[in-house]
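Undergrad: Have a peek at model.txt (compact mmCIF, C-alpha atoms).
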```txt
# COMPACT_ATOMS: atom_id res chain seq x y z
CA MET A 11 10.32 -11.25 13.93
CA ARG A 12 13.16 -8.74 13.84
CA PHE A 13 12.19 -5.18 12.84
CA VAL A 14 8.59 -6.03 13.72
CA ASP A 15 8.38 -7.19 17.36
CA GLU A 16 10.43 -4.35 18.82
CA TYR A 17 8.05 -1.86 17.21
CA ARG A 18 5.09 -3.48 18.99
CA ASP A 19 6.50 -3.28 22.52
CA PRO A 20 3.56 -2.44 24.84
CA GLY A 21 5.66 -0.42 27.30
CA ALA A 22 7.11 1.73 24.55
CA VAL A 23 3.64 2.21 23.05
CA GLN A 24 2.35 3.48 26.40
CA ARG A 25 5.28 5.89 26.69
CA ALA A 26 4.76 7.17 23.15
CA LEU A 27 1.05 7.70 23.87
CA ALA A 28 1.82 9.63 27.07
CA ASP A 29 4.22 11.78 25.10
CA ILE A 30 1.56 12.59 22.45
CA ARG A 31 -0.99 13.29 25.20
CA ALA A 32 1.34 15.86 26.73
CA LEU A 33 2.20 17.38 23.38
CA ALA A 34 -1.30 17.82 21.89
CA ARG A 35 -2.89 20.92 23.38
CA ARG A 36 -5.46 21.59 20.70
CA PRO A 37 -7.66 19.28 18.60
CA TRP A 38 -6.01 18.03 15.44
CA THR A 39 -7.18 15.83 12.58
CA LEU A 40 -4.59 13.72 10.80
CA MET A 41 -5.05 11.42 7.83
CA GLU A 42 -3.06 8.24 7.44
CA VAL A 43 -2.88 7.84 3.69
CA CYS A 44 -2.17 4.13 3.34
CA GLY A 45 -4.73 1.39 3.91
CA GLY A 46 -2.03 -0.79 5.46
CA GLN A 47 -1.61 1.87 8.13
CA THR A 48 -5.40 2.01 8.61
CA HIS A 49 -5.45 -1.73 9.30
CA SER A 50 -2.55 -1.45 11.73
CA ILE A 51 -4.31 1.39 13.57
CA LEU A 52 -7.56 -0.57 13.88
CA LYS A 53 -5.87 -3.89 14.66
CA PHE A 54 -3.87 -2.46 17.55
CA GLY A 55 -6.64 -0.05 18.62
CA LEU A 56 -4.36 2.98 18.31
CA ASP A 57 -7.30 5.22 17.38
CA GLU A 58 -8.87 4.44 20.76
CA LEU A 59 -5.62 4.82 22.70
CA LEU A 60 -4.77 8.27 21.32
CA PRO A 61 -6.06 11.31 23.23
CA GLU A 62 -9.47 12.50 22.02
CA ARG A 63 -7.88 15.68 20.73
CA VAL A 64 -6.04 13.69 18.06
CA THR A 65 -8.37 12.26 15.44
CA LEU A 66 -7.21 9.90 12.72
CA VAL A 67 -9.19 9.78 9.49
CA HIS A 68 -8.48 7.21 6.84
CA GLY A 69 -7.19 8.01 3.38
CA PRO A 70 -7.44 6.73 -0.20
CA GLY A 71 -4.34 4.51 -0.08
CA CYS A 72 -5.96 1.24 -1.04
CA PRO A 73 -5.30 0.44 -4.70
CA VAL A 74 -7.86 -2.35 -4.78
CA CYS A 75 -10.49 0.06 -3.44
CA VAL A 76 -9.84 2.79 -5.98
CA THR A 77 -9.50 0.64 -9.11
CA GLY A 78 -12.21 1.94 -11.45
CA LEU A 79 -15.37 -0.12 -11.80
CA GLU A 80 -14.92 -0.18 -15.59
CA LEU A 81 -11.50 -1.81 -15.10
CA ILE A 82 -13.04 -4.54 -12.92
CA ASP A 83 -15.63 -5.09 -15.68
CA ARG A 84 -12.85 -5.26 -18.29
CA ALA A 85 -10.97 -7.75 -16.09
CA VAL A 86 -14.13 -9.88 -15.82
CA ALA A 87 -14.62 -9.77 -19.60
CA ILE A 88 -11.02 -10.84 -20.27
CA ALA A 89 -10.94 -13.51 -17.51
CA ALA A 90 -14.08 -15.16 -18.88
CA ARG A 91 -12.41 -15.98 -22.22
CA PRO A 92 -11.51 -19.66 -22.65
CA ASP A 93 -8.07 -18.87 -24.11
CA VAL A 94 -6.99 -16.77 -21.09
CA ILE A 95 -5.19 -17.48 -17.83
CA PHE A 96 -6.04 -14.44 -15.72
CA CYS A 97 -3.60 -13.72 -12.88
CA SER A 98 -4.23 -11.34 -10.01
CA PHE A 99 -3.29 -10.54 -6.44
CA GLY A 100 -5.82 -12.26 -4.18
CA ASP A 101 -7.88 -9.38 -2.89
CA MET A 102 -9.00 -8.20 -6.35
CA LEU A 103 -11.07 -11.36 -6.78
CA ARG A 104 -13.92 -10.33 -4.51
CA VAL A 105 -14.18 -6.72 -5.63
CA PRO A 106 -17.69 -6.32 -7.04
CA GLY A 107 -17.93 -5.50 -10.74
CA SER A 108 -21.13 -4.21 -12.36
CA SER A 109 -22.56 -7.71 -12.72
CA ARG A 110 -20.10 -10.08 -11.04
CA ASP A 111 -16.61 -10.38 -9.56
CA LEU A 112 -13.55 -12.35 -10.69
CA LEU A 113 -14.30 -15.10 -8.17
CA ALA A 114 -17.63 -15.68 -9.91
CA VAL A 115 -15.76 -15.96 -13.21
CA LYS A 116 -13.52 -18.59 -11.61
CA ALA A 117 -16.53 -20.43 -10.17
CA ALA A 118 -18.05 -20.50 -13.66
CA GLY A 119 -14.96 -22.24 -15.03
CA GLY A 120 -12.70 -19.30 -15.88
CA ASP A 121 -8.99 -19.87 -15.39
CA VAL A 122 -8.40 -17.20 -12.74
CA ARG A 123 -5.29 -17.63 -10.62
CA ILE A 124 -4.01 -15.85 -7.54
CA VAL A 125 -0.32 -15.03 -7.76
CA TYR A 126 2.09 -13.82 -5.09
CA SER A 127 4.35 -11.92 -7.47
CA PRO A 128 3.94 -10.59 -11.03
CA LEU A 129 6.95 -12.74 -11.94
CA ASP A 130 4.72 -15.78 -11.24
CA ALA A 131 2.49 -14.63 -14.10
CA VAL A 132 5.52 -14.32 -16.40
CA ARG A 133 6.47 -17.89 -15.44
CA LEU A 134 2.97 -19.06 -16.41
CA ALA A 135 3.29 -17.33 -19.78
CA ARG A 136 6.60 -19.10 -20.33
CA ARG A 137 5.08 -22.45 -19.43
CA HIS A 138 1.79 -22.07 -21.33
CA ARG A 139 2.78 -20.60 -24.71
CA ASP A 140 -0.54 -21.77 -26.20
CA ARG A 141 -2.57 -19.69 -23.70
CA LYS A 142 -2.88 -15.94 -23.23
CA VAL A 143 -1.63 -14.98 -19.79
CA VAL A 144 -2.95 -11.69 -18.42
CA PHE A 145 -1.78 -10.03 -15.21
CA PHE A 146 -3.98 -7.47 -13.42
CA ALA A 147 -1.37 -4.80 -12.64
CA VAL A 148 -2.88 -2.87 -9.75
CA GLY A 149 -1.02 -0.93 -7.13
CA PHE A 150 0.57 2.30 -6.04
CA GLU A 151 4.19 3.31 -6.62
CA THR A 152 5.30 0.53 -4.24
CA THR A 153 4.13 -2.18 -6.64
CA ALA A 154 5.00 -0.43 -9.90
CA PRO A 155 8.66 -1.59 -10.01
CA ALA A 156 7.61 -5.25 -9.67
CA ASN A 157 4.90 -4.95 -12.30
CA ALA A 158 7.23 -3.01 -14.61
CA MET A 159 9.83 -5.77 -14.30
CA ALA A 160 7.24 -8.38 -15.31
CA VAL A 161 6.50 -6.49 -18.54
CA HIS A 162 10.18 -5.89 -19.18
CA ARG A 163 10.98 -9.60 -18.73
CA ALA A 164 8.17 -10.58 -21.09
CA ALA A 165 9.64 -8.20 -23.69
CA VAL A 166 13.18 -9.49 -23.21
CA GLU A 167 12.03 -13.11 -23.48
CA GLY A 168 9.68 -12.44 -26.41
CA LEU A 169 6.62 -13.71 -24.53
CA ASP A 170 3.97 -12.41 -26.92
CA ASN A 171 1.27 -14.37 -25.06
CA PHE A 172 1.71 -12.13 -21.97
CA SER A 173 -0.14 -8.89 -21.32
CA VAL A 174 -1.12 -6.65 -18.41
CA LEU A 175 -4.34 -4.88 -17.49
CA VAL A 176 -2.90 -1.72 -15.94
CA ALA A 177 -4.69 0.00 -13.05
CA HIS A 178 -1.74 1.81 -11.49
CA VAL A 179 -2.40 4.82 -9.28
CA LEU A 180 -0.14 7.50 -7.82
CA VAL A 181 -0.28 9.00 -4.34
CA PRO A 182 0.77 12.68 -4.69
CA PRO A 183 -1.92 13.67 -7.27
CA ALA A 184 -4.61 12.04 -5.11
CA LEU A 185 -3.38 13.98 -2.07
CA GLU A 186 -3.42 17.18 -4.12
CA ALA A 187 -7.06 16.47 -5.06
CA LEU A 188 -7.91 15.85 -1.40
CA LEU A 189 -6.10 18.87 0.01
CA SER A 190 -7.62 21.22 -2.55
CA ASP A 191 -11.17 20.06 -1.68
CA PRO A 192 -12.76 22.49 0.83
CA ASP A 193 -14.91 19.67 2.27
CA VAL A 194 -11.86 17.73 3.37
CA ARG A 195 -10.62 18.99 6.72
CA VAL A 196 -7.30 17.32 7.28
CA GLN A 197 -4.54 19.23 9.05
CA GLY A 198 -1.67 16.78 8.75
CA LEU A 199 -0.79 13.72 6.69
CA LEU A 200 0.98 10.48 7.52
CA ALA A 201 2.55 9.66 4.15
CA PRO A 202 2.74 6.02 3.03
CA GLY A 203 6.12 4.61 4.02
CA HIS A 204 6.43 1.91 1.40
CA VAL A 205 5.43 4.20 -1.45
CA CYS A 206 8.21 6.51 -0.28
CA VAL A 207 10.66 3.58 -0.19
CA VAL A 208 10.35 3.61 -3.99
CA THR A 209 9.78 7.29 -4.78
CA GLY A 210 11.51 9.07 -1.92
CA TYR A 211 9.68 12.03 -0.45
CA ARG A 212 10.76 15.12 -2.37
CA ALA A 213 7.49 15.00 -4.36
CA TYR A 214 5.63 15.80 -1.12
CA GLU A 215 7.52 18.99 -0.34
CA GLY A 216 5.50 21.12 -2.77
CA LEU A 217 2.25 19.78 -1.31
CA ALA A 218 3.31 20.56 2.26
CA ARG A 219 4.20 24.10 1.20
CA ARG A 220 1.17 24.84 -1.01
CA TYR A 221 -1.45 23.54 1.45
CA HIS A 222 0.50 24.32 4.62
CA VAL A 223 0.22 20.79 6.02
CA PRO A 224 2.84 18.73 7.81
CA ILE A 225 3.52 15.52 5.86
CA VAL A 226 5.28 12.82 7.85
CA VAL A 227 6.65 9.70 6.14
CA THR A 228 5.41 6.91 8.40
CA GLY A 229 5.89 3.17 8.77
CA PHE A 230 3.40 0.46 9.63
CA GLU A 231 4.07 -0.95 13.09
CA PRO A 232 2.34 0.62 16.13
CA LEU A 233 5.43 2.52 17.28
CA ASP A 234 6.12 3.69 13.72
CA ILE A 235 2.60 5.08 13.48
CA LEU A 236 2.77 6.76 16.87
CA ARG A 237 6.11 8.26 15.89
CA GLY A 238 4.45 9.69 12.76
CA VAL A 239 1.52 11.04 14.79
CA ARG A 240 3.87 12.62 17.31
CA ALA A 241 5.89 14.38 14.63
CA ALA A 242 2.76 15.69 12.87
CA VAL A 243 1.24 16.95 16.14
CA ALA A 244 4.53 18.58 17.14
CA GLN A 245 4.64 20.43 13.81
CA LEU A 246 0.99 21.51 14.10
CA GLU A 247 1.48 22.79 17.64
CA ARG A 248 4.32 25.04 16.52
CA GLY A 249 2.67 26.02 13.22
CA ALA A 250 5.12 24.20 10.97
CA ALA A 251 4.30 22.47 7.67
CA ALA A 252 7.26 20.44 6.50
CA VAL A 253 8.00 17.00 5.13
CA GLU A 254 9.60 14.83 7.78
CA ASN A 255 10.87 11.26 7.57
CA GLU A 256 9.90 9.13 10.57
CA TYR A 257 10.62 5.82 8.80
CA PRO A 258 14.34 6.30 8.17
CA ARG A 259 15.28 2.63 8.55
CA ALA A 260 13.59 2.00 5.18
CA VAL A 261 13.10 5.33 3.40
CA HIS A 262 15.67 7.68 1.87
CA ALA A 263 14.93 11.13 0.47
CA ASP A 264 15.55 10.06 -3.14
CA GLY A 265 13.92 6.63 -2.86
CA ASN A 266 15.09 3.60 -4.84
CA LEU A 267 16.67 4.90 -8.03
CA GLU A 268 16.96 1.48 -9.71
CA ALA A 269 13.25 0.93 -9.20
CA GLN A 270 12.42 4.40 -10.50
CA ARG A 271 14.49 3.74 -13.61
CA MET A 272 12.48 0.63 -14.46
CA ILE A 273 9.19 2.44 -13.83
CA GLY A 274 10.34 5.16 -16.25
CA GLU A 275 11.29 2.54 -18.81
CA VAL A 276 7.95 0.70 -18.84
CA PHE A 277 5.28 3.17 -17.71
CA ALA A 278 4.11 6.67 -18.61
CA VAL A 279 1.97 8.98 -16.45
CA THR A 280 -1.69 9.19 -17.46
CA ASP A 281 -5.05 10.48 -16.17
CA ARG A 282 -6.82 7.84 -14.10
CA SER A 283 -10.39 7.32 -12.93
CA TRP A 284 -10.52 6.42 -9.22
CA ARG A 285 -13.46 4.42 -7.95
CA GLY A 286 -15.53 6.71 -5.74
CA LEU A 287 -13.38 9.75 -6.48
CA GLY A 288 -13.64 10.30 -10.23
CA VAL A 289 -10.92 11.22 -12.70
CA ILE A 290 -7.77 12.73 -11.22
CA PRO A 291 -5.37 14.25 -13.78
CA ARG A 292 -1.97 12.58 -14.16
CA SER A 293 -2.68 10.23 -11.26
CA GLY A 294 -1.81 6.86 -12.78
CA TYR A 295 0.53 4.86 -14.95
CA ALA A 296 -0.21 3.36 -18.35
CA LEU A 297 2.24 1.36 -20.44
CA ALA A 298 4.75 3.54 -22.31
CA PRO A 299 4.15 3.48 -26.09
CA ARG A 300 7.06 1.09 -26.73
CA TYR A 301 5.38 -1.52 -24.51
CA ALA A 302 1.86 -0.95 -25.91
CA ARG A 303 1.76 -4.47 -27.40
CA PHE A 304 1.54 -5.79 -23.81
CA ASP A 305 -1.60 -3.75 -23.07
CA ALA A 306 -4.40 -6.25 -22.36
CA GLU A 307 -7.07 -3.62 -23.08
CA ARG A 308 -5.80 -3.37 -26.67
CA VAL A 309 -5.05 -7.07 -27.06
CA PHE A 310 -8.63 -8.00 -26.13
CA GLY A 311 -10.36 -4.84 -27.40
CA VAL A 312 -12.12 -4.02 -24.14
CA GLN A 313 -11.45 -0.25 -24.09
CA GLY A 314 -15.13 0.33 -24.88
CA VAL A 315 -16.38 -1.30 -21.66
CA THR A 316 -17.75 1.46 -19.42
CA ALA A 317 -19.56 1.34 -16.08
CA VAL A 318 -21.67 3.53 -13.82
CA GLU A 319 -20.90 3.35 -10.12
CA PRO A 320 -23.89 2.44 -7.92
CA ALA A 321 -25.00 5.30 -5.66
CA GLU A 322 -25.69 3.03 -2.67
CA CYS A 323 -21.96 2.64 -1.90
CA ARG A 324 -20.47 5.66 -0.16
CA ALA A 325 -16.88 4.47 -0.47
CA GLY A 326 -15.91 7.74 -2.16
CA LEU A 327 -16.61 9.62 1.08
CA VAL A 328 -14.83 6.96 3.13
CA LEU A 329 -11.76 7.20 0.90
CA GLN A 330 -11.59 10.95 1.46
CA GLY A 331 -11.86 10.65 5.24
CA ARG A 332 -15.28 12.35 5.14
CA LEU A 333 -17.31 9.37 6.36
CA ARG A 334 -16.24 6.95 9.06
CA PRO A 335 -17.01 3.41 7.82
CA ASN A 336 -19.25 2.51 10.75
CA ALA A 337 -21.22 5.73 10.30
CA CYS A 338 -22.41 4.54 6.87
CA PRO A 339 -26.05 3.40 7.05
CA GLU A 340 -25.25 0.30 5.00
CA PHE A 341 -22.28 -0.77 7.18
CA GLY A 342 -22.85 -4.19 8.70
CA ALA A 343 -26.44 -4.14 7.42
CA ARG A 344 -26.69 -4.44 3.64
CA CYS A 345 -22.91 -4.27 3.28
CA SER A 346 -20.57 -6.87 4.80
CA PRO A 347 -17.51 -8.81 3.60
CA GLU A 348 -19.86 -11.62 2.46
CA HIS A 349 -22.10 -9.20 0.54
CA PRO A 350 -20.02 -6.10 -0.22
CA LEU A 351 -21.51 -3.04 -1.88
CA GLY A 352 -18.05 -1.74 -2.70
CA ALA A 353 -14.37 -2.58 -2.71
CA THR A 354 -13.53 -0.93 0.63
CA MET A 355 -15.44 -3.77 2.36
CA VAL A 356 -13.41 -6.60 0.79
CA SER A 357 -9.90 -5.33 0.22
CA ALA A 358 -7.28 -6.35 2.78
CA GLU A 359 -6.56 -2.64 3.07
CA GLY A 360 -10.07 -1.24 2.83
CA ALA A 361 -11.17 0.96 5.73
CA CYS A 362 -14.66 -0.61 5.84
CA ALA A 363 -13.11 -4.09 5.99
CA ALA A 364 -10.84 -2.97 8.84
CA TYR A 365 -13.78 -1.61 10.86
CA PHE A 366 -15.78 -4.78 10.24
CA HIS A 367 -12.90 -7.14 10.92
CA TYR A 368 -11.81 -5.46 14.14
CA GLY A 369 -15.29 -5.29 15.58
CA ARG A 370 -16.11 -1.60 15.32
CA VAL A 371 -19.68 -2.58 14.54
CA ALA A 372 -21.17 -1.70 17.90
CA ALA A 373 -20.05 1.92 17.60
CA ALA A 374 -22.41 2.39 14.68
CA ARG A 375 -25.51 1.17 16.46
CA MET B 8 -1.30 -3.97 -1.22
CA CYS B 9 1.76 -2.01 -0.13
CA LEU B 10 2.55 -4.62 2.51
CA ALA B 11 6.29 -5.20 2.69
CA VAL B 12 7.84 -7.69 5.08
CA PRO B 13 11.36 -7.54 6.55
CA GLY B 14 13.50 -10.65 6.18
CA ARG B 15 17.16 -11.66 6.20
CA LEU B 16 18.93 -12.31 2.92
CA THR B 17 20.57 -15.73 3.31
CA GLU B 18 21.71 -16.56 -0.21
CA ILE B 19 22.27 -14.91 -3.59
CA LEU B 20 20.81 -17.25 -6.19
CA GLY B 21 22.18 -16.01 -9.46
CA GLU B 22 24.04 -13.08 -10.86
CA GLY B 23 22.52 -12.13 -14.14
CA GLU B 24 19.97 -9.71 -15.45
CA LEU B 25 17.56 -10.93 -12.81
CA ARG B 26 19.47 -11.18 -9.58
CA MET B 27 17.51 -13.35 -7.14
CA GLY B 28 18.03 -14.19 -3.50
CA ARG B 29 16.66 -16.38 -0.75
CA VAL B 30 15.13 -14.43 2.12
CA ASP B 31 14.33 -15.87 5.54
CA PHE B 32 11.21 -14.50 7.22
CA ASP B 33 11.55 -15.84 10.74
CA GLY B 34 11.89 -19.43 9.57
CA VAL B 35 9.95 -19.20 6.30
CA ALA B 36 12.23 -18.97 3.26
CA ARG B 37 11.12 -17.40 -0.02
CA GLN B 38 12.84 -16.26 -3.17
CA ALA B 39 12.93 -12.56 -3.88
CA CYS B 40 14.12 -10.57 -6.87
CA LEU B 41 17.13 -8.40 -5.98
CA ALA B 42 17.21 -6.37 -9.22
CA TYR B 43 16.38 -3.18 -7.33
CA LEU B 44 18.94 -3.72 -4.58
CA PRO B 45 22.21 -4.35 -6.39
CA GLU B 46 24.08 -3.48 -3.18
CA ALA B 47 22.32 -6.15 -1.05
CA ARG B 48 24.64 -8.69 0.59
CA VAL B 49 24.02 -11.94 2.45
CA GLY B 50 23.14 -11.09 6.05
CA ASP B 51 21.33 -7.85 5.17
CA TYR B 52 17.75 -7.34 6.27
CA VAL B 53 15.60 -6.35 3.31
CA LEU B 54 11.97 -5.29 2.85
CA VAL B 55 10.20 -7.60 0.40
CA HIS B 56 7.07 -6.58 -1.50
CA VAL B 57 5.32 -8.93 -4.01
CA GLY B 58 8.51 -10.93 -4.47
CA PHE B 59 10.86 -7.95 -4.84
CA ALA B 60 13.34 -6.59 -2.32
CA ILE B 61 12.75 -2.84 -2.43
CA SER B 62 14.82 -1.54 0.48
CA ARG B 63 17.73 -2.54 2.66
CA ILE B 64 16.88 -1.94 6.31
CA ASP B 65 19.34 0.50 7.79
CA GLU B 66 20.28 -1.12 11.10
CA GLU B 67 21.89 2.05 12.47
CA GLN B 68 18.72 4.02 11.81
CA ALA B 69 16.62 1.24 13.34
CA LYS B 70 18.73 1.32 16.51
CA GLU B 71 18.54 5.10 16.60
CA THR B 72 14.73 4.96 16.38
CA LEU B 73 14.54 2.50 19.28
CA ARG B 74 16.98 4.63 21.31
CA ALA B 75 14.83 7.71 20.73
CA LEU B 76 11.71 5.80 21.72
CA ALA B 77 13.39 4.52 24.87
CA GLN B 78 14.25 8.08 25.88
CA ILE B 79 10.61 9.19 25.88
CA GLY B 80 9.40 9.74 29.48
CA GLU B 81 8.31 7.03 31.87
CA PRO B 82 5.01 5.23 31.26
CA THR B 83 1.93 6.77 32.89
CA VAL B 84 0.30 3.35 33.00
CA PRO B 85 2.46 1.09 35.17
CA ASP B 86 3.36 -2.29 33.73
CA GLU B 87 1.67 -4.24 36.55
CA ASP B 88 0.15 -6.79 34.26
CA PRO B 89 1.93 -6.81 30.92
CA ASP B 90 -0.42 -9.49 29.59
CA ALA B 91 -3.34 -7.12 29.90
CA VAL B 92 -2.04 -4.93 27.11
CA ARG B 93 -0.79 -7.70 24.81
```
Let me see the file written as structure tokens.
TA:
Amino acid sequence: MRFVDEYRDPGAVQRALADIRALARRPWTLMEVCGGQTHSILKFGLDELLPERVTLVHGPGCPVCVTGLELIDRAVAIAARPDVIFCSFGDMLRVPGSSRDLLAVKAAGGDVRIVYSPLDAVRLARRHRDRKVVFFAVGFETTAPANAMAVHRAAVEGLDNFSVLVAHVLVPPALEALLSDPDVRVQGLLAPGHVCVVTGYRAYEGLARRYHVPIVVTGFEPLDILRGVRAAVAQLERGAAAVENEYPRAVHADGNLEAQRMIGEVFAVTDRSWRGLGVIPRSGYALAPRYARFDAERVFGVQGVTAVEPAECRAGLVLQGRLRPNACPEFGARCSPEHPLGATMVSAEGACAAYFHYGRVAAAR
Amino acid sequence: MCLAVPGRLTEILGEGELRMGRVDFDGVARQACLAYLPEARVGDYVLVHVGFAISRIDEEQAKETLRALAQIGEPTVPDEDPDAVR
């Protein structure tokens, strides 16, 4: 596939690795922020190919993983209603709630459907005017324009049987929370390329300056990731701390302005509770007041549903790069994709799932 | 969740409030919303995320990246058996 295969070329990967090996003189710890990057790193074994001096730790960029437990419980409560068609991206279905997951609701007869795009949910609302169609709007900034468009279309078409359960999260405030935590020892960041496609990267400049960390906008293929690592290591070796774009074929400094305009139309910034991390101020989107009638939490009166996270899952530490998944005592023992203790073990972008899937089990034992 | 896949825009399906297009992903065709890429033209490569084209791939920049990667020094591991690293 064009723009994929050429960034997986083994010879070029070896050359890039040799270049990083020559460049890195001191030990450095970098965090790749996005779970998609984590999976790419584990899938291609880049963590094992890099010199030992360069350590990659995995960040919080997995929206499924960080969606608050109380929101999963609210989703379960809404999906179980007989008048509802509950639509979600696939990997939310197996995320454990306090008592059960959405797949269990489906197995018990709930009308839970996996959709590819939020516009599919709008289509269902158009087709089933006698049912209430709810879309679970999770995601980072990358997904916000699509989810915003779904709400906007429903408003334009007068689809009053459509609503969204909003769990949107934002990357820069989470990074600020991480960088300001003295227990988190990360010296450079690989910023999430597809988030920056939408937002651009100016929002990261203040972070780079305040915490004196290089922040490198990075893509997802092996050579993209190595290019990001190389740029971060080069900055660290010369004592620099700037924002750099190493994914220029897709990302521009200002991002996608049309997409940002629609986000601004439909959403407003709000405080958000992150699973495993707690409440981070101004780190999410809620519906803007003029779209409040599409808020599923109000429509179904589930705002009162609260939850207490089980202590046995250490996903909070994993999401901050403080615990390697296979160093968790539950990893591969009580916790597996079949019987997950937390969301990081079942999400397609979860770090625990990546370690399990790509066979990093032996390392733990 | 932030997975976005590059594909080639082969057809514009309707000019209206919701501009749609057909995108070819190496033989698999899917519709994508083009509302956020008003400048996209047939033949462009676009990044598609949950049914929305969110970025036009800059071919010049892509070539530049590959050129820069090609200029990095010679491999330390000789390519005796390319299958071994695939």
Undergrad: Determine, counting all atoms listed in the file, which protein, DNA and RNA residues have an atom within 12 Å of an atom of Arg48 (chain B); residues of the same chain fewer than 6 positions away are not included. Present the result as an NGL selection string.
TA: :B and (15-20 or 26-30 or 41 or 60 or 63-64)
Undergrad: I'd like to know which of A:His178, A:Arg334, A:Arg308, A:Arg344 is closest to Glu322 (chain A), using only C-alpha atoms.
TA: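 Once distances to Glu322 (chain A) are computed over only C-alpha atoms, the minimum belongs to A:Arg344.
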Undergrad: Residues near region 230-247 of chain A, anyone? I mean within 8 Å using only C-alpha atoms, not counting same-chain ones fewer than 2 positions away, as a ChimeraX atom specification.
TA: /A:14,17-19,22-23,26-27,29-30,33-36,38,40,46-47,50-51,54,56,197-200,203,224-228,249-252,254,256-257
Undergrad: What does the distance between CA of Ala131 (chain A) and CA of Ile82 (chain A) come to in Å, to one decimal place?
TA: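 According to the coordinates, CA of Ala131 (chain A) and CA of Ile82 (chain A) are separated by 18.6 Å.
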Undergrad: Might you pull out every residue within 6 Å of Phe59 (chain B), with all atoms listed in the file counted and same-chain residues fewer than 3 positions away left off, and present them as a list in words?
TA: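 Near neighbours after the sequence-gap exclusion: Ala39, Cys40, Val55 and His56 of chain B.
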Undergrad: Do you know which residues lie at most 8 Å from (8.6, -4.7, 7.1), with coordinates as in the file and only C-alpha atoms counted, and could you write them as a PyMOL selection string?
TA: (chain A and resi 13-14+230) or (chain B and resi 10-14+54-55)
Undergrad: When you draw a straight line from CA of Ser293 (chain A) to CA of Ala263 (chain A), how long is it in Å?
TA: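 These atoms are spaced 21.2 Å apart.
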Undergrad: In Å, rounded to a single decimal, give me how far CA of Gly286 (chain A) is from CA of Pro320 (chain A).
TA: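 Distance between the two atoms: 9.6 Å.
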Undergrad: Write out as JSON, numbers by chain the residues lying within 10 Å of Lys116 (chain A), counting all atoms listed in the file and excluding same-chain residues fewer than 2 positions away.
TA: {"A": [86, 89, 90, 96, 103, 111, 112, 113, 114, 118, 119, 120, 121, 122, 123]}
Undergrad: Would you pick out the contacts of Asp305 (chain A) at 8 Å or less, using all atoms listed in the file, so that residues sharing its chain but fewer than 5 positions from it are not included, and give the list as a ChimeraX atom specification?
TA: /A:173-176,297
Undergrad: Distance cut-off 6 Å, centre (12.0, -2.6, -16.7) in file coordinates, counting all atoms listed in the file: which residues qualify? Return them as number ranges by chain.
TA: A: 158-159, 162, 272, 275-276
Undergrad: Quick one: axis-aligned box around all listed atoms of region 30-37 of chain B, 5 Å on every side, centre and edge lengths in Å to one decimal, written as AutoDock Vina command-line options.
TA:
```
--center_x 12.5 --center_y -16.9 --center_z 5.4 --size_x 15.2 --size_y 15.0 --size_z 20.8
```
Undergrad: Which residue is closest to chain A? Choose from B:Asp65, B:Gly21, B:Gln38, B:Pro45 and count all atoms listed in the file.
TA: B:Asp65
